[in-house]
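Participant: Structure in structure tokens, see below.
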Amino acid sequence: MHVAPVGGTAVQDHVALAEIELCGELIIAASTADEDRLSLESIDEVLRVAEERGDGSRAQ
């Protein structure tokens, strides 16, 4: 078994960290929602889908 040495030499996976952050945001949104499930529109809003596309459009 190989363990990374202490001292800040660990490599960070920025994509994985971003995915973990988005999952956390979805969990928070789901826990505060009035409905049983988040709608697709609510999920898109939490994940900022329109912002990522840069044009403000939504998926059909």
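Ligands are numbered from 1 in the order shown, residues from 1 within each chain, and chains are lettered A, B, ... in the order they appear in the structure tokens.
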Determine, counting only C-alpha atoms, which protein, DNA and RNA residues have an atom within 10 Å of an atom of A:Leu22; residues of the same chain fewer than 6 positions away are not included. Present the result as a ChimeraX atom specification.
Facilitator: /A:16,28,46-48
Participant: With only C-alpha atoms as the basis for distance, which of A:Arg53, A:Glu19, A:Leu26, A:Asp13 is at the shortest distance from A:Leu40?
Facilitator: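 Using only C-alpha atoms, A:Leu40 sits closest to A:Leu26.
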Participant: Measuring atom to atom with only C-alpha atoms, identify which of A:Ile43, A:Ala18, A:Gln12, A:Gly54 is nearest to A:Ala30.
Facilitator: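 Closest to A:Ala30 of all the choices is A:Ile43.
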